[in-house]
$ cat structure-v3.cif   # mmCIF, C-alpha atoms and all ligand atoms
data_query
loop_
_atom_site.group_PDB
_atom_site.id
_atom_site.type_symbol
_atom_site.label_atom_id
_atom_site.label_comp_id
_atom_site.auth_asym_id
_atom_site.auth_seq_id
_atom_site.Cartn_x
_atom_site.Cartn_y
_atom_site.Cartn_z
ATOM 1 C CA MET A 705 84.323 168.373 74.118
ATOM 2 C CA LEU A 706 86.566 169.987 76.727
ATOM 3 C CA ASN A 707 89.988 171.414 75.947
ATOM 4 C CA ILE A 708 92.509 171.855 78.724
ATOM 5 C CA HIS A 709 95.335 174.205 77.884
ATOM 6 C CA PRO A 710 98.406 175.254 79.888
ATOM 7 C CA VAL A 711 99.085 179.003 79.861
ATOM 8 C CA PRO A 712 102.700 179.511 80.925
ATOM 9 C CA ALA A 713 103.379 182.188 83.544
ATOM 10 C CA PHE A 714 106.419 183.384 85.495
ATOM 11 C CA ARG A 715 109.397 181.064 85.156
ATOM 12 C CA ASP A 716 107.732 177.651 85.345
ATOM 13 C CA ASN A 717 104.040 178.010 86.321
ATOM 14 C CA TYR A 718 101.156 176.618 84.296
ATOM 15 C CA ILE A 719 97.762 178.289 84.550
ATOM 16 C CA TRP A 720 95.252 175.703 83.289
ATOM 17 C CA VAL A 721 92.395 176.931 81.127
ATOM 18 C CA VAL A 722 89.487 174.510 80.645
ATOM 19 C CA HIS A 723 87.210 175.503 77.773
ATOM 20 C CA ASN A 724 84.636 174.316 75.251
ATOM 21 C CA GLN A 725 85.428 176.926 72.535
ATOM 22 C CA ASN A 726 82.907 179.330 74.132
ATOM 23 C CA HIS A 727 83.220 179.276 77.911
ATOM 24 C CA ALA A 728 86.309 178.854 80.057
ATOM 25 C CA ALA A 729 87.363 178.200 83.630
ATOM 26 C CA VAL A 730 90.849 179.065 84.792
ATOM 27 C CA VAL A 731 92.835 177.323 87.530
ATOM 28 C CA ASP A 732 95.382 179.193 89.677
ATOM 29 C CA PRO A 733 95.857 182.420 87.701
ATOM 30 C CA GLY A 734 98.984 183.780 89.352
ATOM 31 C CA MET A 735 99.080 186.409 86.635
ATOM 32 C CA ALA A 736 96.199 188.001 84.694
ATOM 33 C CA SER A 737 97.835 189.203 81.455
ATOM 34 C CA PRO A 738 98.614 185.846 79.760
ATOM 35 C CA VAL A 739 95.136 184.575 80.703
ATOM 36 C CA ILE A 740 93.424 187.674 79.283
ATOM 37 C CA GLU A 741 95.476 187.307 76.115
ATOM 38 C CA PHE A 742 94.522 183.630 75.780
ATOM 39 C CA LEU A 743 90.810 184.310 76.384
ATOM 40 C CA GLU A 744 90.765 187.153 73.861
ATOM 41 C CA HIS A 745 92.731 185.225 71.246
ATOM 42 C CA HIS A 746 90.355 182.249 71.460
ATOM 43 C CA ARG A 747 87.224 184.417 71.994
ATOM 44 C CA LEU A 748 86.392 182.694 75.262
ATOM 45 C CA GLN A 749 84.069 183.941 77.944
ATOM 46 C CA LEU A 750 85.381 183.386 81.464
ATOM 47 C CA SER A 751 82.900 181.443 83.673
ATOM 48 C CA ALA A 752 84.869 180.773 86.848
ATOM 49 C CA ILE A 753 88.216 180.954 88.612
ATOM 50 C CA LEU A 754 89.424 177.981 90.676
ATOM 51 C CA ILE A 755 92.170 178.311 93.296
ATOM 52 C CA THR A 756 94.094 175.447 94.931
ATOM 53 C CA HIS A 757 96.030 177.407 97.586
ATOM 54 C CA HIS A 758 96.947 180.922 98.658
ATOM 55 C CA HIS A 759 100.476 181.380 97.241
ATOM 56 C CA SER A 760 100.759 184.496 95.088
ATOM 57 C CA ASP A 761 101.997 182.590 92.014
ATOM 58 C CA HIS A 762 98.512 180.957 92.050
ATOM 59 C CA THR A 763 96.339 183.903 93.114
ATOM 60 C CA GLY A 764 98.081 187.092 91.920
ATOM 61 C CA GLY A 765 95.903 187.512 88.817
ATOM 62 C CA ILE A 766 92.481 187.093 90.460
ATOM 63 C CA ALA A 767 91.771 190.771 91.178
ATOM 64 C CA GLU A 768 92.576 191.915 87.633
ATOM 65 C CA LEU A 769 90.529 189.078 86.067
ATOM 66 C CA ARG A 770 87.593 189.924 88.336
ATOM 67 C CA ARG A 771 87.744 193.584 87.281
ATOM 68 C CA ARG A 772 87.072 192.419 83.714
ATOM 69 C CA HIS A 773 84.817 189.393 84.364
ATOM 70 C CA ASP A 774 82.275 189.185 87.172
ATOM 71 C CA VAL A 775 82.781 185.476 87.852
ATOM 72 C CA PRO A 776 82.804 183.291 90.975
ATOM 73 C CA VAL A 777 86.174 182.540 92.541
ATOM 74 C CA TYR A 778 86.337 179.103 94.176
ATOM 75 C CA GLY A 779 89.045 178.347 96.707
ATOM 76 C CA PRO A 780 89.911 176.609 99.976
ATOM 77 C CA ALA A 781 87.781 177.699 102.962
ATOM 78 C CA ALA A 782 90.718 176.936 105.258
ATOM 79 C CA GLU A 783 92.926 179.653 103.736
ATOM 80 C CA ALA A 784 92.426 183.406 104.042
ATOM 81 C CA ILE A 785 92.220 184.408 100.375
ATOM 82 C CA THR A 786 90.241 187.654 100.307
ATOM 83 C CA THR A 787 89.411 187.376 96.593
ATOM 84 C CA VAL A 788 87.671 183.977 96.998
ATOM 85 C CA THR A 789 83.862 184.317 96.728
ATOM 86 C CA HIS A 790 82.973 180.607 97.084
ATOM 87 C CA PRO A 791 84.967 178.963 99.923
ATOM 88 C CA LEU A 792 85.125 175.179 99.590
ATOM 89 C CA HIS A 793 85.423 172.236 101.946
ATOM 90 C CA GLU A 794 86.296 168.628 101.202
ATOM 91 C CA HIS A 795 83.589 166.777 99.195
ATOM 92 C CA ASP A 796 82.014 170.062 98.024
ATOM 93 C CA HIS A 797 81.163 170.154 94.324
ATOM 94 C CA VAL A 798 81.900 172.824 91.768
ATOM 95 C CA SER A 799 79.389 172.696 88.954
ATOM 96 C CA LEU A 800 79.991 174.801 85.837
ATOM 97 C CA PRO A 801 77.098 173.931 83.488
ATOM 98 C CA ALA A 802 78.328 176.311 80.759
ATOM 99 C CA LEU A 803 81.284 174.018 80.003
ATOM 100 C CA PRO A 804 80.001 171.570 81.347
ATOM 101 C CA LEU A 805 82.434 170.790 84.147
ATOM 102 C CA ASN A 806 81.749 169.038 87.451
ATOM 103 C CA LEU A 807 84.527 168.812 89.991
ATOM 104 C CA SER A 808 84.696 167.585 93.568
ATOM 105 C CA VAL A 809 86.987 168.966 96.230
ATOM 106 C CA ILE A 810 89.685 166.880 97.908
ATOM 107 C CA ASP A 811 91.616 168.222 100.929
ATOM 108 C CA ILE A 812 95.332 167.836 100.298
ATOM 109 C CA ALA A 813 96.957 169.835 103.087
ATOM 110 C CA GLY A 814 100.724 169.851 103.504
ATOM 111 C CA HIS A 815 102.249 172.299 101.020
ATOM 112 C CA THR A 816 99.933 174.834 102.654
ATOM 113 C CA ARG A 817 97.500 174.383 105.518
ATOM 114 C CA GLY A 818 94.328 174.377 103.397
ATOM 115 C CA HIS A 819 95.494 173.231 99.938
ATOM 116 C CA ILE A 820 92.702 171.602 97.925
ATOM 117 C CA ALA A 821 92.499 169.655 94.661
ATOM 118 C CA TYR A 822 89.679 169.634 92.110
ATOM 119 C CA TYR A 823 88.787 166.177 90.813
ATOM 120 C CA GLY A 824 86.738 165.423 87.745
ATOM 121 C CA SER A 825 85.585 161.805 87.631
ATOM 122 C CA PRO A 826 85.520 159.679 84.434
ATOM 123 C CA PRO A 827 84.887 160.116 81.540
ATOM 124 C CA PHE A 828 86.830 163.346 82.288
ATOM 125 C CA GLY A 829 89.224 161.727 84.768
ATOM 126 C CA MET A 830 91.410 164.614 85.842
ATOM 127 C CA VAL A 831 92.731 166.365 88.912
ATOM 128 C CA PHE A 832 94.003 169.912 89.357
ATOM 129 C CA CYS A 833 96.422 169.447 92.216
ATOM 130 C CA GLY A 834 98.331 172.750 92.388
ATOM 131 C CA ASP A 835 101.658 172.355 94.182
ATOM 132 C CA THR A 836 101.017 168.993 95.859
ATOM 133 C CA LEU A 837 101.631 166.243 93.287
ATOM 134 C CA PHE A 838 104.022 167.088 90.442
ATOM 135 C CA ALA A 839 105.168 164.946 87.537
ATOM 136 C CA CYS A 840 107.659 162.584 89.205
ATOM 137 C CA GLY A 841 107.738 164.697 92.373
ATOM 138 C CA CYS A 842 105.785 166.623 94.992
ATOM 139 C CA GLY A 843 105.607 170.100 96.485
ATOM 140 C CA ARG A 844 107.559 171.314 99.469
ATOM 141 C CA VAL A 845 105.976 170.964 102.898
ATOM 142 C CA PHE A 846 105.652 174.613 103.976
ATOM 143 C CA GLU A 847 102.719 174.819 106.392
ATOM 144 C CA GLY A 848 101.706 171.229 107.111
ATOM 145 C CA THR A 849 103.586 168.216 108.444
ATOM 146 C CA PRO A 850 105.263 165.432 106.438
ATOM 147 C CA GLN A 851 102.502 163.136 107.711
ATOM 148 C CA GLN A 852 99.779 165.408 106.282
ATOM 149 C CA MET A 853 101.575 165.716 102.968
ATOM 150 C CA TYR A 854 102.113 161.948 102.782
ATOM 151 C CA GLN A 855 98.403 161.333 103.477
ATOM 152 C CA SER A 856 97.389 163.922 100.872
ATOM 153 C CA LEU A 857 99.573 162.241 98.250
ATOM 154 C CA GLN A 858 98.105 158.861 99.232
ATOM 155 C CA LYS A 859 94.604 160.258 98.678
ATOM 156 C CA LEU A 860 95.542 161.380 95.176
ATOM 157 C CA SER A 861 97.267 158.047 94.608
ATOM 158 C CA ARG A 862 93.968 156.199 95.147
ATOM 159 C CA LEU A 863 92.313 157.905 92.139
ATOM 160 C CA PRO A 864 91.943 155.804 88.963
ATOM 161 C CA ASP A 865 95.087 155.011 86.916
ATOM 162 C CA ASP A 866 94.055 157.045 83.884
ATOM 163 C CA THR A 867 93.380 160.244 85.891
ATOM 164 C CA LEU A 868 95.212 163.127 84.219
ATOM 165 C CA ILE A 869 97.435 165.060 86.626
ATOM 166 C CA PHE A 870 97.269 168.800 85.997
ATOM 167 C CA CYS A 871 99.905 170.258 88.304
ATOM 168 C CA ALA A 872 100.901 173.917 88.452
ATOM 169 C CA HIS A 873 104.634 173.846 87.668
ATOM 170 C CA GLU A 874 107.043 172.494 85.067
ATOM 171 C CA TYR A 875 109.464 170.852 87.510
ATOM 172 C CA THR A 876 109.678 167.524 85.703
ATOM 173 C CA LEU A 877 113.333 167.291 84.645
ATOM 174 C CA GLY A 878 114.608 168.259 88.112
ATOM 175 C CA ASN A 879 112.218 165.774 89.677
ATOM 176 C CA VAL A 880 113.332 163.023 87.287
ATOM 177 C CA ALA A 881 117.007 163.646 88.119
ATOM 178 C CA PHE A 882 116.194 163.174 91.811
ATOM 179 C CA ALA A 883 114.055 160.090 91.164
ATOM 180 C CA ARG A 884 116.858 158.498 89.121
ATOM 181 C CA GLU A 885 119.207 158.941 92.100
ATOM 182 C CA ILE A 886 116.761 157.051 94.347
ATOM 183 C CA ASP A 887 115.399 154.509 91.898
ATOM 184 C CA PRO A 888 118.174 153.989 89.299
ATOM 185 C CA GLY A 889 116.934 150.636 87.987
ATOM 186 C CA ASN A 890 113.378 151.774 87.195
ATOM 187 C CA ALA A 891 112.910 151.114 83.450
ATOM 188 C CA THR A 892 109.665 153.116 83.239
ATOM 189 C CA LEU A 893 111.439 156.083 84.807
ATOM 190 C CA ILE A 894 114.356 155.835 82.333
ATOM 191 C CA GLU A 895 111.884 155.773 79.457
ATOM 192 C CA PHE A 896 109.960 158.746 80.876
ATOM 193 C CA GLU A 897 113.203 160.735 81.270
ATOM 194 C CA LEU A 898 113.927 160.366 77.536
ATOM 195 C CA GLU A 899 110.399 161.494 76.638
ATOM 196 C CA ALA A 900 110.466 164.424 79.059
ATOM 197 C CA ARG A 901 113.855 165.614 77.761
ATOM 198 C CA GLN A 902 112.603 165.543 74.173
ATOM 199 C CA LEU A 903 109.475 167.484 75.126
ATOM 200 C CA ARG A 904 111.468 170.153 76.970
ATOM 201 C CA GLN A 905 113.909 170.493 74.055
ATOM 202 C CA GLN A 906 110.881 171.439 71.945
ATOM 203 C CA ASN A 907 109.684 173.730 74.752
ATOM 204 C CA THR A 908 106.595 171.504 75.132
ATOM 205 C CA PRO A 909 105.023 170.905 78.568
ATOM 206 C CA THR A 910 105.680 167.468 80.087
ATOM 207 C CA VAL A 911 102.311 167.596 81.839
ATOM 208 C CA PRO A 912 99.693 166.329 82.287
ATOM 209 C CA THR A 913 100.955 162.877 83.211
ATOM 210 C CA THR A 914 98.654 160.123 84.453
ATOM 211 C CA LEU A 915 98.299 158.709 87.912
ATOM 212 C CA GLY A 916 99.189 155.239 86.625
ATOM 213 C CA LEU A 917 102.529 156.582 85.374
ATOM 214 C CA GLU A 918 103.118 158.505 88.616
ATOM 215 C CA ARG A 919 102.540 155.362 90.648
ATOM 216 C CA ALA A 920 105.282 153.709 88.589
ATOM 217 C CA ILE A 921 107.893 156.490 88.646
ATOM 218 C CA ASN A 922 107.208 159.037 91.416
ATOM 219 C CA PRO A 923 109.337 158.200 94.485
ATOM 220 C CA PHE A 924 106.994 160.167 96.781
ATOM 221 C CA LEU A 925 104.137 157.786 95.873
ATOM 222 C CA ARG A 926 106.408 154.760 96.341
ATOM 223 C CA CYS A 927 107.563 155.092 99.956
ATOM 224 C CA GLU A 928 106.638 151.439 100.609
ATOM 225 C CA GLN A 929 108.753 150.056 97.748
ATOM 226 C CA PRO A 930 111.974 148.219 98.790
ATOM 227 C CA GLN A 931 114.224 150.205 96.412
ATOM 228 C CA ILE A 932 112.928 153.538 97.739
ATOM 229 C CA ILE A 933 113.255 152.425 101.373
ATOM 230 C CA THR A 934 116.826 151.199 100.799
ATOM 231 C CA SER A 935 117.869 154.497 99.183
ATOM 232 C CA ALA A 936 116.268 156.583 101.948
ATOM 233 C CA GLN A 937 117.936 154.450 104.637
ATOM 234 C CA ARG A 938 121.318 154.716 102.945
ATOM 235 C CA PHE A 939 121.004 158.500 102.609
ATOM 236 C CA SER A 940 119.811 159.116 106.171
ATOM 237 C CA GLY A 941 121.647 156.398 108.065
ATOM 238 C CA LYS A 942 118.304 155.555 109.724
ATOM 239 C CA SER A 943 116.718 152.109 109.681
ATOM 240 C CA SER A 944 113.033 153.057 109.754
ATOM 241 C CA THR A 945 110.723 151.514 107.175
ATOM 242 C CA ASP A 946 107.692 153.600 108.175
ATOM 243 C CA PRO A 947 106.343 155.181 104.960
ATOM 244 C CA VAL A 948 105.855 158.605 106.592
ATOM 245 C CA ALA A 949 109.450 158.561 107.865
ATOM 246 C CA ILE A 950 110.684 157.496 104.416
ATOM 247 C CA PHE A 951 108.622 160.303 102.862
ATOM 248 C CA ALA A 952 110.102 162.854 105.285
ATOM 249 C CA ILE A 953 113.650 161.692 104.445
ATOM 250 C CA LEU A 954 112.988 161.932 100.693
ATOM 251 C CA ARG A 955 111.426 165.390 100.984
ATOM 252 C CA GLU A 956 114.340 166.692 103.069
ATOM 253 C CA TRP A 957 116.832 165.115 100.645
ATOM 254 C CA LYS A 958 115.077 166.703 97.667
ATOM 255 C CA ASN A 959 115.044 170.128 99.373
ATOM 256 C CA ASN A 960 118.851 170.128 99.170
ATOM 257 C CA PHE A 961 119.320 168.142 95.959
HETATM 258 ZN ZN ZN B 1001 102.627 176.941 96.197
HETATM 259 FE FE FE B 1002 103.409 177.412 93.043
#
$ encode --input "structure-v3.cif" --output "structure tokens" --more "lines below"
Ligand code: ZN
Ligand code: FE
Amino acid sequence: MLNIHPVPAFRDNYIWVVHNQNHAAVVDPGMASPVIEFLEHHRLQLSAILITHHHSDHTGGIAELRRRHDVPVYGPAAEAITTVTHPLHEHDHVSLPALPLNLSVIDIAGHTRGHIAYYGSPPFGMVFCGDTLFACGCGRVFEGTPQQMYQSLQKLSRLPDDTLIFCAHEYTLGNVAFAREIDPGNATLIEFELEARQLRQQNTPTVPTTLGLERAINPFLRCEQPQIITSAQRFSGKSSTDPVAIFAILREWKNNF
């Protein structure tokens, strides 16, 4: 039985710890101290570190964790992360028999040039997607193009409906406010907003969500839907219906929202 636990870090990061009561893998440890505390408190032995992309809020704790635990560090081959010991390409597999955990690598460039996701297929349908897909939103396009980011989100969108989405930030309420502006009549979104607000009032994470829910509420996965196109056209004054163009308009709009 696998447990997946969010360890909060910085202002709004989640470092995901996957464990079986004995062994643990940690995803995107931007900071070492809260991870060390969690491992010690639960008497867990660290087996591996998994990295989605090079930003320091996802990698800053690697060196300190490695000083204490001699474990492999998996990460994207396309990014220069000096602490990564096992560089990964798309379709590579990460096998952690101690947990057991088997994940495959999906390229999801856009936020950064080499961003990857780790996908666990059913019965553990889950994806660790870093700063690419968020609950009801997506990451900023820093190093890639809107087209790359759109294609990366489409790849994630083709995973099964019940795939759990383990993203790296608690950005949900801000994302929902933006989505409501674009998609005001979406009943599923209105319902999700109520739930998310209640969770945040209790200081509870709103993640993971599921891909099925994201496909219903996340405007960045819905660039072909008439309501989303209409809103993007109204905002931009452009008449394009091309999904990549709609995505680019939404992302730009959200950057200044
Ligand atoms: Zn990032
Ligand atoms: Fe981040």
$ closest_atom_pairs --input "structure-v3.cif" --of "chain A" --to "ligand FE 1002 (chain B)" --cutoff "7 Å" --atoms "all atoms listed in the file" --output "tab-separated table"
residue	atom	partner	partner_atom	distance
A:Asn717	CA	B:FE1002	FE	6.8
A:His759	CA	B:FE1002	FE	6.5
A:Asp761	CA	B:FE1002	FE	5.5
A:His762	CA	B:FE1002	FE	6.1
A:Gly834	CA	B:FE1002	FE	6.9
A:Asp835	CA	B:FE1002	FE	5.5
A:Ala872	CA	B:FE1002	FE	6.3
A:His873	CA	B:FE1002	FE	6.6
$ write_last_selection --input "structure-v3.cif" --atoms "C-alpha atoms" --output "mmCIF file, in the coordinates of the input"
data_model
loop_
_atom_site.group_PDB
_atom_site.id
_atom_site.type_symbol
_atom_site.label_atom_id
_atom_site.label_comp_id
_atom_site.auth_asym_id
_atom_site.auth_seq_id
_atom_site.Cartn_x
_atom_site.Cartn_y
_atom_site.Cartn_z
ATOM 1 C CA ASN A 717 104.040 178.010 86.321
ATOM 2 C CA HIS A 759 100.476 181.380 97.241
ATOM 3 C CA ASP A 761 101.997 182.590 92.014
ATOM 4 C CA HIS A 762 98.512 180.957 92.050
ATOM 5 C CA GLY A 834 98.331 172.750 92.388
ATOM 6 C CA ASP A 835 101.658 172.355 94.182
ATOM 7 C CA ALA A 872 100.901 173.917 88.452
ATOM 8 C CA HIS A 873 104.634 173.846 87.668
#
$ residues_around --input "structure-v3.cif" --residues "Glu899 of chain A" --least-positions-apart "3" --cutoff "12 Å" --atoms "all atoms listed in the file" --output "PyMOL selection string"
chain A and resi 876-877+880+892-896+902-906+908-911+913
$ closest_residue --input "structure-v3.cif" --among "A:Cys842, A:Ile932, A:Leu743, A:Ala784" --to "Ile869 of chain A" --atoms "only C-alpha atoms"
A:Cys842
$ atom_distance --input "structure-v3.cif" --atom1 "atom CA of Arg955 of chain A" --atom2 "atom CA of Asp716 of chain A"
20.2 Å
$ atom_distance --input "structure-v3.cif" --atom1 "atom CA of Gly818 of chain A" --atom2 "atom CA of Ala782 of chain A"
4.8 Å
$ resolve_selection --input "structure-v3.cif" --expression "the PyMOL selection byres (((chain A and resi 846) around 9) and not hetatm)" --output "ChimeraX atom specification"
/A:814-817,843-845,847-849
$ write_last_selection --input "structure-v3.cif" --atoms "C-alpha atoms" --output "compact mmCIF listing (two decimals), in the frame of the given file"
# COMPACT_ATOMS: atom_id res chain seq x y z
CA GLY A 814 100.72 169.85 103.50
CA HIS A 815 102.25 172.30 101.02
CA THR A 816 99.93 174.83 102.65
CA ARG A 817 97.50 174.38 105.52
CA GLY A 843 105.61 170.10 96.48
CA ARG A 844 107.56 171.31 99.47
CA VAL A 845 105.98 170.96 102.90
CA GLU A 847 102.72 174.82 106.39
CA GLY A 848 101.71 171.23 107.11
CA THR A 849 103.59 168.22 108.44
$ closest_residue --input "structure-v3.cif" --among "A:Cys833, A:Ala900, A:Cys840, A:Leu857" --to "ligand ZN 1001 (chain B)" --atoms "all atoms listed in the file"
A:Cys833
$ closest_residue --input "structure-v3.cif" --among "A:Ile820, A:Ile953, A:Leu860, A:Leu917" --to "ligand ZN 1001 (chain B)" --atoms "all atoms listed in the file"
A:Ile820
$ resolve_selection --input "structure-v3.cif" --expression "the PyMOL selection byres (((chain A and resi 769) around 9) and not hetatm)" --output "list in words"
Pro733, Met735, Ala736, Ser737, Val739, Ile740, Leu750, Ile753, Gly765, Ile766, Ala767, Glu768, Arg770, Arg771, Arg772, His773, Asp774 and Val775 of chain A
